[in-house]
file my_file-v1.txt (compact mmCIF, C-alpha atoms and all ligand atoms)
# COMPACT_ATOMS: atom_id res chain seq x y z
CA MET P 1 12.96 24.25 1.24
CA GLN P 2 12.63 21.49 -1.32
CA PHE P 3 13.01 17.93 -0.05
CA SER P 4 16.64 16.88 -0.04
CA SER P 5 17.40 14.08 -2.47
CA ASP P 6 18.15 11.77 0.48
CA ASN P 7 14.73 12.47 2.00
CA MET P 8 13.04 11.88 -1.35
CA PHE P 9 14.93 8.61 -1.80
CA GLU P 10 13.90 7.37 1.64
CA LEU P 11 10.28 8.41 1.04
CA LEU P 12 10.09 6.63 -2.32
CA LYS P 13 11.76 3.55 -0.86
CA LYS P 14 9.22 3.33 1.95
CA LEU P 15 6.29 3.79 -0.45
CA SER P 16 7.57 1.42 -3.15
CA ASN P 17 8.42 -1.35 -0.67
CA ALA P 18 4.91 -1.08 0.82
CA HIS P 19 2.06 -3.08 -0.73
CA GLY P 20 -1.35 -2.00 -1.99
CA LEU P 21 -3.19 -4.04 -4.56
CA SER P 22 -6.20 -2.19 -6.03
CA GLY P 23 -8.90 -2.23 -3.35
CA TYR P 24 -6.33 -3.04 -0.63
CA GLU P 25 -4.48 0.26 -0.36
CA ASP P 26 -4.49 0.39 3.47
CA GLU P 27 -0.73 0.14 4.05
CA VAL P 28 0.03 2.92 1.55
CA ARG P 29 -2.79 5.08 2.91
CA GLU P 30 -1.32 4.87 6.44
CA LEU P 31 2.10 5.94 5.17
CA ILE P 32 0.64 8.98 3.36
CA LYS P 33 -1.45 9.89 6.38
CA ALA P 34 1.63 9.85 8.62
CA GLU P 35 3.50 12.10 6.16
CA LEU P 36 0.70 14.61 5.55
CA GLU P 37 -0.75 14.90 9.06
CA VAL P 38 1.65 17.69 10.00
CA VAL P 39 0.81 19.87 6.99
CA SER P 40 -2.98 19.29 6.82
CA ASP P 41 -5.90 20.87 8.67
CA GLU P 42 -8.05 17.82 8.12
CA ILE P 43 -7.57 14.28 6.80
CA ARG P 44 -10.51 12.12 5.84
CA VAL P 45 -11.03 8.75 4.23
CA ASP P 46 -14.13 8.37 2.04
CA ASN P 47 -16.37 5.33 1.55
CA LEU P 48 -14.18 3.91 -1.22
CA GLY P 49 -10.96 4.36 0.76
CA ASN P 50 -9.57 7.52 -0.86
CA LEU P 51 -7.39 9.54 1.48
CA ILE P 52 -8.20 13.26 1.30
CA ALA P 53 -5.78 15.64 3.07
CA ILE P 54 -7.03 19.22 3.19
CA ARG P 55 -5.00 22.36 3.83
CA ASN P 56 -7.29 25.34 4.29
CA GLY P 57 -6.67 28.52 2.34
CA ASN P 58 -8.77 30.90 0.24
CA GLU P 59 -11.96 30.01 -1.66
CA LYS P 60 -10.02 28.56 -4.62
CA LYS P 61 -10.08 24.74 -4.40
CA LEU P 62 -7.20 22.88 -6.03
CA MET P 63 -7.01 19.10 -6.11
CA ILE P 64 -3.81 17.13 -6.57
CA ALA P 65 -4.29 13.39 -6.93
CA ALA P 66 -2.06 10.33 -7.11
CA HIS P 67 -3.25 6.75 -7.06
CA MET P 68 -2.19 4.55 -4.16
CA ASP P 69 -2.89 1.17 -5.77
CA GLU P 70 -0.52 -1.10 -7.66
CA ILE P 71 -1.14 -3.92 -10.08
CA GLY P 72 -0.98 -7.47 -8.73
CA PHE P 73 -3.08 -10.60 -8.51
CA MET P 74 -5.85 -12.18 -6.51
CA VAL P 75 -6.11 -15.82 -5.43
CA LYS P 76 -8.94 -17.58 -7.29
CA HIS P 77 -8.30 -21.26 -6.60
CA ILE P 78 -6.23 -23.53 -4.38
CA ASP P 79 -5.83 -27.09 -5.65
CA GLU P 80 -5.69 -30.24 -3.51
CA LYS P 81 -1.85 -30.21 -3.61
CA GLY P 82 -1.74 -26.62 -2.31
CA PHE P 83 -0.84 -24.92 -5.60
CA ILE P 84 -2.57 -21.59 -6.18
CA ARG P 85 -4.15 -20.04 -9.29
CA VAL P 86 -4.50 -16.27 -9.48
CA THR P 87 -6.29 -13.74 -11.60
CA PRO P 88 -4.35 -10.66 -12.74
CA VAL P 89 -5.54 -7.31 -11.32
CA GLY P 90 -4.43 -4.50 -13.64
CA GLY P 91 -2.51 -4.60 -16.91
CA TRP P 92 0.15 -7.31 -16.75
CA PHE P 93 2.18 -8.46 -19.72
CA HIS P 94 2.23 -12.26 -19.31
CA GLN P 95 5.96 -12.63 -19.99
CA THR P 96 6.90 -10.43 -17.02
CA VAL P 97 5.06 -12.59 -14.51
CA LEU P 98 6.65 -16.02 -14.81
CA ASN P 99 9.07 -16.91 -11.98
CA GLN P 100 8.41 -13.74 -10.04
CA ARG P 101 8.50 -13.97 -6.27
CA VAL P 102 5.32 -12.58 -4.76
CA ILE P 103 3.77 -11.80 -1.39
CA LEU P 104 0.33 -13.14 -0.53
CA HIS P 105 -1.42 -10.91 1.98
CA GLY P 106 -3.23 -13.60 3.93
CA SER P 107 -5.32 -13.45 7.09
CA LYS P 108 -2.31 -14.46 9.20
CA GLY P 109 0.14 -12.03 7.61
CA LYS P 110 2.48 -12.00 4.64
CA ILE P 111 3.31 -15.30 2.96
CA TYR P 112 5.92 -15.67 0.21
CA GLY P 113 5.08 -17.39 -3.05
CA VAL P 114 6.77 -18.07 -6.39
CA PHE P 115 5.29 -18.39 -9.87
CA GLY P 116 6.62 -21.82 -10.73
CA CYS P 117 7.12 -23.46 -14.12
CA LYS P 118 8.74 -26.46 -15.77
CA PRO P 119 12.52 -26.06 -16.18
CA PRO P 120 13.87 -26.27 -19.77
CA HIS P 121 15.28 -29.72 -19.02
CA ILE P 122 11.87 -31.32 -19.16
CA MET P 123 10.27 -29.12 -21.84
CA GLU P 124 9.44 -30.41 -25.31
CA ASP P 125 10.93 -28.36 -28.20
CA ASP P 126 7.64 -26.70 -29.10
CA GLU P 127 6.93 -25.84 -25.42
CA ARG P 128 10.11 -23.75 -25.28
CA LYS P 129 8.88 -21.50 -28.07
CA LYS P 130 5.50 -20.71 -26.66
CA ILE P 131 4.44 -17.87 -24.35
CA ILE P 132 2.97 -19.03 -21.08
CA LYS P 133 -0.22 -17.20 -20.07
CA ILE P 134 -0.98 -16.14 -16.49
CA LYS P 135 -4.01 -18.42 -16.68
CA GLU P 136 -1.67 -21.40 -17.07
CA MET P 137 0.66 -20.32 -14.25
CA PHE P 138 0.51 -21.33 -10.61
CA VAL P 139 1.89 -19.93 -7.37
CA ASP P 140 3.82 -22.26 -5.06
CA ILE P 141 3.67 -21.21 -1.40
CA GLY P 142 5.36 -24.32 -0.11
CA ALA P 143 2.11 -25.87 1.07
CA SER P 144 1.52 -29.61 0.53
CA SER P 145 -2.26 -29.49 0.49
CA ARG P 146 -5.23 -27.17 0.23
CA ASP P 147 -5.79 -27.55 3.98
CA GLU P 148 -2.22 -26.49 4.68
CA ALA P 149 -2.59 -23.41 2.43
CA ILE P 150 -5.79 -22.44 4.22
CA GLU P 151 -4.10 -23.02 7.56
CA MET P 152 -1.39 -20.55 6.39
CA GLY P 153 -4.11 -17.90 6.02
CA ILE P 154 -4.59 -18.08 2.25
CA ASP P 155 -8.07 -18.19 0.73
CA VAL P 156 -9.97 -17.25 -2.42
CA GLY P 157 -9.64 -13.45 -2.67
CA THR P 158 -6.26 -13.11 -0.97
CA PRO P 159 -4.41 -10.16 -2.57
CA VAL P 160 -0.99 -10.86 -4.12
CA THR P 161 1.73 -8.31 -4.99
CA SER P 162 5.30 -8.43 -6.29
CA ASP P 163 8.09 -8.98 -3.79
CA ARG P 164 10.78 -6.50 -4.80
CA GLN P 165 12.83 -4.01 -2.80
CA LEU P 166 13.89 -0.65 -4.20
CA VAL P 167 17.61 -0.34 -5.00
CA ARG P 168 19.81 2.29 -6.63
CA LEU P 169 20.70 1.70 -10.27
CA GLY P 170 23.59 4.04 -11.04
CA GLN P 171 22.12 7.54 -10.71
CA LYS P 172 18.66 6.05 -11.07
CA VAL P 173 16.51 3.75 -8.95
CA THR P 174 14.63 0.55 -9.67
CA GLY P 175 11.78 -1.17 -7.87
CA LYS P 176 8.16 -2.20 -8.04
CA ALA P 177 5.05 0.00 -8.04
CA PHE P 178 6.79 3.26 -9.00
CA ASP P 179 3.44 3.39 -10.83
CA ASN P 180 2.34 5.15 -8.76
CA ARG P 181 4.36 5.48 -5.56
CA ALA P 182 6.55 7.94 -7.50
CA GLY P 183 3.45 10.09 -8.01
CA ILE P 184 2.55 9.68 -4.32
CA ALA P 185 6.08 10.71 -3.23
CA ALA P 186 5.90 13.79 -5.49
CA MET P 187 2.45 14.68 -4.14
CA ILE P 188 3.56 14.39 -0.50
CA SER P 189 6.62 16.52 -1.07
CA ALA P 190 4.66 19.11 -3.12
CA MET P 191 2.09 19.40 -0.32
CA LYS P 192 4.88 19.95 2.22
CA GLU P 193 6.72 22.38 -0.03
CA THR P 194 4.04 24.64 -1.52
CA LYS P 195 3.28 28.08 -0.14
CA SER P 196 0.01 28.30 -2.05
CA ASP P 197 -2.80 30.48 -0.63
CA ALA P 198 -5.47 28.24 -2.15
CA THR P 199 -7.28 25.45 -0.33
CA ILE P 200 -5.41 22.31 -1.33
CA TYR P 201 -6.90 18.83 -1.44
CA ALA P 202 -4.18 16.18 -1.73
CA VAL P 203 -5.86 12.91 -2.61
CA GLY P 204 -4.43 9.40 -2.54
CA THR P 205 -6.89 7.61 -4.82
CA VAL P 206 -7.90 3.95 -4.82
CA GLN P 207 -8.39 1.53 -7.71
CA GLU P 208 -6.90 3.60 -10.55
CA GLU P 209 -5.41 0.53 -12.22
CA VAL P 210 -8.82 -1.10 -12.55
CA GLY P 211 -10.85 1.82 -13.88
CA LEU P 212 -9.96 5.21 -12.29
CA LYS P 213 -12.54 4.56 -9.60
CA GLY P 214 -11.31 6.55 -6.59
CA ALA P 215 -10.60 9.63 -8.70
CA ARG P 216 -14.22 9.67 -9.77
CA THR P 217 -15.78 9.68 -6.30
CA SER P 218 -13.19 11.97 -4.69
CA ALA P 219 -13.41 14.64 -7.41
CA PHE P 220 -17.21 14.51 -7.20
CA ALA P 221 -17.11 15.24 -3.46
CA ILE P 222 -14.45 17.94 -3.67
CA GLU P 223 -15.62 19.64 -6.87
CA PRO P 224 -12.31 21.49 -7.28
CA ASP P 225 -11.72 24.55 -9.47
CA ALA P 226 -8.84 22.69 -11.10
CA ALA P 227 -6.97 19.44 -10.67
CA ILE P 228 -3.57 17.95 -11.36
CA ALA P 229 -3.03 14.19 -11.43
CA LEU P 230 0.46 12.95 -10.60
CA ASP P 231 1.50 9.66 -12.15
CA VAL P 232 4.27 8.00 -14.12
CA CYS P 233 4.44 7.97 -17.91
CA VAL P 234 6.09 5.67 -20.40
CA ALA P 235 9.69 6.64 -21.14
CA THR P 236 10.92 5.75 -24.61
CA ASP P 237 14.70 5.98 -24.18
CA PHE P 238 15.69 2.32 -24.14
CA PRO P 239 16.41 -0.21 -26.92
CA GLY P 240 13.35 -1.10 -28.94
CA SER P 241 11.20 1.82 -27.82
CA GLU P 242 12.23 4.09 -30.71
CA SER P 243 9.56 2.62 -32.93
CA ALA P 244 6.88 4.38 -30.85
CA HIS P 245 8.16 7.73 -32.21
CA ILE P 246 7.54 9.34 -28.83
CA ASP P 247 10.46 11.10 -27.19
CA ILE P 248 10.25 10.92 -23.39
CA ARG P 249 13.57 10.49 -21.62
CA LEU P 250 14.73 9.90 -18.07
CA GLY P 251 16.57 12.88 -16.60
CA LYS P 252 14.85 15.46 -18.82
CA GLY P 253 12.25 16.47 -16.25
CA PRO P 254 8.59 15.75 -15.60
CA ALA P 255 6.24 15.15 -18.51
CA ILE P 256 3.26 17.45 -18.91
CA THR P 257 0.52 15.54 -20.71
CA VAL P 258 -1.12 17.23 -23.67
CA ALA P 259 -3.22 14.17 -24.51
CA ASP P 260 -3.25 10.49 -23.65
CA ALA P 261 -4.87 7.40 -25.15
CA ALA P 262 -4.75 9.37 -28.43
CA GLY P 263 -7.28 11.81 -26.99
CA ARG P 264 -9.75 9.18 -25.81
CA GLY P 265 -8.48 9.51 -22.23
CA LEU P 266 -7.57 13.11 -21.53
CA ILE P 267 -7.12 16.13 -23.73
CA ALA P 268 -5.63 18.43 -21.14
CA SER P 269 -7.37 21.73 -20.44
CA LYS P 270 -5.64 24.52 -22.38
CA LYS P 271 -5.54 26.79 -19.37
CA VAL P 272 -4.05 24.07 -17.20
CA LEU P 273 -1.44 23.37 -19.88
CA LYS P 274 -0.46 27.04 -19.99
CA TRP P 275 -0.45 27.17 -16.19
CA LEU P 276 1.94 24.20 -15.93
CA LYS P 277 4.22 25.23 -18.81
CA ASP P 278 4.53 28.84 -17.62
CA THR P 279 5.26 27.64 -14.09
CA ALA P 280 8.04 25.38 -15.34
CA GLU P 281 9.56 28.09 -17.51
CA LYS P 282 9.37 30.85 -14.87
CA ASN P 283 11.04 28.58 -12.31
CA GLY P 284 13.64 27.01 -14.59
CA ILE P 285 12.18 23.53 -14.13
CA PRO P 286 12.87 21.23 -17.11
CA TYR P 287 9.83 19.53 -18.62
CA GLN P 288 8.80 17.38 -21.57
CA LEU P 289 5.51 17.40 -23.44
CA GLU P 290 3.68 14.12 -23.84
CA VAL P 291 1.16 12.91 -26.37
CA ALA P 292 0.56 9.27 -25.49
CA GLU P 293 -1.35 6.63 -27.39
CA GLY P 294 -1.90 3.97 -24.73
CA GLY P 295 -2.77 4.22 -21.07
CA THR P 296 -4.48 6.95 -19.12
CA THR P 297 -4.62 8.41 -15.61
CA ASP P 298 -6.94 9.64 -12.87
CA ALA P 299 -7.17 12.96 -14.76
CA THR P 300 -9.51 11.27 -17.24
CA ALA P 301 -12.08 10.57 -14.53
CA ILE P 302 -11.55 13.89 -12.74
CA HIS P 303 -12.04 16.14 -15.78
CA LEU P 304 -15.42 14.58 -16.55
CA THR P 305 -16.77 15.18 -13.05
CA LYS P 306 -19.93 17.28 -12.61
CA ALA P 307 -19.91 20.09 -15.19
CA GLY P 308 -16.27 19.42 -16.10
CA ILE P 309 -13.07 20.28 -14.21
CA PRO P 310 -9.97 21.84 -15.81
CA THR P 311 -7.41 19.06 -15.33
CA GLY P 312 -3.84 18.25 -16.28
CA VAL P 313 -1.23 15.58 -15.57
CA VAL P 314 2.35 15.89 -14.43
CA SER P 315 4.24 12.63 -14.57
CA VAL P 316 7.55 11.05 -13.79
CA PRO P 317 9.02 9.28 -16.84
CA ALA P 318 9.50 5.59 -16.06
CA ARG P 319 11.06 2.70 -17.93
CA TYR P 320 9.46 -0.78 -17.91
CA ILE P 321 6.11 0.34 -16.48
CA HIS P 322 3.91 -2.44 -15.07
CA THR P 323 6.87 -4.68 -14.23
CA PRO P 324 8.58 -5.20 -10.84
CA VAL P 325 11.70 -3.51 -12.21
CA GLU P 326 10.48 -0.03 -13.11
CA VAL P 327 13.28 2.56 -13.40
CA ILE P 328 13.08 6.31 -12.75
CA ASP P 329 15.50 9.19 -12.32
CA MET P 330 15.45 10.81 -8.87
CA GLY P 331 16.00 14.27 -10.38
CA ASP P 332 12.81 13.87 -12.40
CA LEU P 333 10.96 12.96 -9.21
CA GLN P 334 12.29 16.09 -7.43
CA ASN P 335 11.34 18.27 -10.38
CA THR P 336 7.86 16.76 -10.61
CA SER P 337 7.20 17.68 -7.02
CA LEU P 338 8.73 21.13 -7.49
CA LEU P 339 6.62 21.85 -10.57
CA VAL P 340 3.42 20.92 -8.76
CA ALA P 341 4.38 22.89 -5.61
CA ARG P 342 5.11 26.05 -7.64
CA ALA P 343 2.04 25.62 -9.86
CA LEU P 344 -0.25 25.52 -6.82
CA GLU P 345 1.09 28.97 -5.89
CA ARG P 346 0.25 30.50 -9.28
CA ALA P 347 -3.20 29.09 -9.97
CA ASP P 348 -5.10 32.41 -9.66
CA LYS P 349 -3.54 33.86 -12.80
CA TYR P 350 -4.68 30.98 -14.98
CA LEU P 351 -7.96 29.79 -13.52
CA LYS P 352 -10.32 32.71 -13.85
CO CO E 401 -0.46 1.85 -14.15
ZN ZN E 402 -0.42 4.86 -12.78
call {"tool": "encode", "arguments": {"input": "my_file-v1.txt", "output": "structure tokens", "more": "lines below"}}
Ligand code: CO
Ligand code: ZN
result
Amino acid sequence: MQFSSDNMFELLKKLSNAHGLSGYEDEVRELIKAELEVVSDEIRVDNLGNLIAIRNGNEKKLMIAAHMDEIGFMVKHIDEKGFIRVTPVGGWFHQTVLNQRVILHGSKGKIYGVFGCKPPHIMEDDERKKIIKIKEMFVDIGASSRDEAIEMGIDVGTPVTSDRQLVRLGQKVTGKAFDNRAGIAAMISAMKETKSDATIYAVGTVQEEVGLKGARTSAFAIEPDAAIALDVCVATDFPGSESAHIDIRLGKGPAITVADAAGRGLIASKKVLKWLKDTAEKNGIPYQLEVAEGGTTDATAIHLTKAGIPTGVVSVPARYIHTPVEVIDMGDLQNTSLLVARALERADKYLK
């Protein structure tokens, strides 16, 4: 039985509302562990923090991977008045950051903060026209001094993430970190759903947003016969995105990546492509083909492991990626999980 849409919504909500800056994925890892415990024979966490859930089957080893981390910031300086400077972790577009409310994950628990700025009332004319860089921004946590900020549990190195709760948006949903909690939700539900005879390794990877790091070490240890990365991809169905001349739409099903980063990231294995496309067609699952120019996924690190691993990507189309207001279609999420679950059952045919 496929996850009901209510179950999938609740799962995504829990994952998206949780926090996990790159290198600090603990909260997300615990959620995945709780979900996968019942369907795994073994769960381990490696030295980097990757979660590896194993379901024993035949000698064929299949890896499915989704990154647990999200983009955010890290505290780098607290001034004498208690204002905080941060460094971006992951690919932020400066304009999306200003006046966001954030959560600082300090030693005494979660502390709210806001990216402050001058109001227009006191700006000079030329100031209004210029883009403010993250480097020039500061976070206000309501402290009056450096000592007070430190007393609140904040220090150099404190991780910072967006404060945003998932909500429904018509038939869609919006929230933070759908990159890649959508991929995690699809992976969890695929692992619960699949009747594959193969040995399945479901991996929640760390530090994808800062260099595909967890995918590299986990794939090396597992050395799978094939791998599928689950992630989000850039939808191009909103005003202004037409100029990319890429047609990926919400509601039209998961995207199967043919190539990303114009081939410098992944050029998907031909047999994996056929495996995924045939699976979608035989099961009546809608899909879209993606050739992307920017961005890449864990698949890039996985496919270059050891002597090379046949690897593909199935992704959930998302609007406004790398902002706290990402938007996806729940049907696409269901179909992403379904495509992966069914593909795991048909691997033998394609991976000789
Ligand atoms: Co990303
Ligand atoms: Zn991602």
call {"tool": "atom_distance", "arguments": {"input": "my_file-v1.txt", "atom1": "CA of Thr300 (chain P)", "atom2": "CA of Leu212 (chain P)"}}
result
7.8 Å
call {"tool": "closest_residue", "arguments": {"input": "my_file-v1.txt", "among": "P:Ile134, P:Ile141, P:Val28, P:Ala221", "to": "Arg101 (chain P)", "atoms": "all atoms listed in the file"}}
result
P:Ile141
call {"tool": "closest_atom_pairs", "arguments": {"input": "my_file-v1.txt", "of": "chain P", "to": "ligand ZN 402 (chain E)", "cutoff": "6 Å", "atoms": "all atoms listed in the file", "output": "JSON lines"}}
result
{"residue": "P:Asp179", "atom": "CA", "partner": "E:ZN402", "partner_atom": "ZN", "distance": 4.6}
{"residue": "P:Asn180", "atom": "CA", "partner": "E:ZN402", "partner_atom": "ZN", "distance": 4.9}
{"residue": "P:Asp231", "atom": "CA", "partner": "E:ZN402", "partner_atom": "ZN", "distance": 5.2}
{"residue": "P:Val232", "atom": "CA", "partner": "E:ZN402", "partner_atom": "ZN", "distance": 5.8}
call {"tool": "closest_residue", "arguments": {"input": "my_file-v1.txt", "among": "P:Asp237, P:Asp69, P:Asp298, P:Glu293", "to": "Arg319 (chain P)", "atoms": "all atoms listed in the file"}}
result
P:Asp237
call {"tool": "residues_near_ligand", "arguments": {"input": "my_file-v1.txt", "ligand": "ligand CO 401 (chain E)", "cutoff": "10 Å", "atoms": "all atoms listed in the file", "output": "PyMOL selection string"}}
result
chain P and resi 67+69-71+90-92+177-180+208-210+231-234+295-297+321-323
call {"tool": "residues_around", "arguments": {"input": "my_file-v1.txt", "residues": "Thr194 (chain P)", "least_positions_apart": "6", "cutoff": "7 Å", "atoms": "all atoms listed in the file", "output": "list in words"}}
result
Ala341, Arg342, Leu344 and Glu345 of chain P
call {"tool": "residues_around", "arguments": {"input": "my_file-v1.txt", "residues": "Ala259 (chain P)", "least_positions_apart": "4", "cutoff": "6 Å", "atoms": "all atoms listed in the file", "output": "list of chain:residue names"}}
result
P:Gly263, P:Leu266, P:Ile267, P:Ala268, P:Val291
call {"tool": "axis_aligned_box", "arguments": {"input": "my_file-v1.txt", "around": "region 193-204 of chain P", "padding_each_side": "5 Å", "output": "lines of an AutoDock Vina configuration file"}}
result
center_x = -0.3
center_y = 19.9
center_z = -1.3
size_x = 24.0
size_y = 31.1
size_z = 12.6
call {"tool": "closest_residue", "arguments": {"input": "my_file-v1.txt", "among": "P:Val272, P:Ile52, P:Ala235, P:Val160", "to": "Tyr320 (chain P)", "atoms": "all atoms listed in the file"}}
result
P:Ala235
call {"tool": "closest_residue", "arguments": {"input": "my_file-v1.txt", "among": "P:Leu98, P:Leu11, P:Ala255, P:Ala301", "to": "Arg216 (chain P)", "atoms": "only C-alpha atoms"}}
result
P:Ala301
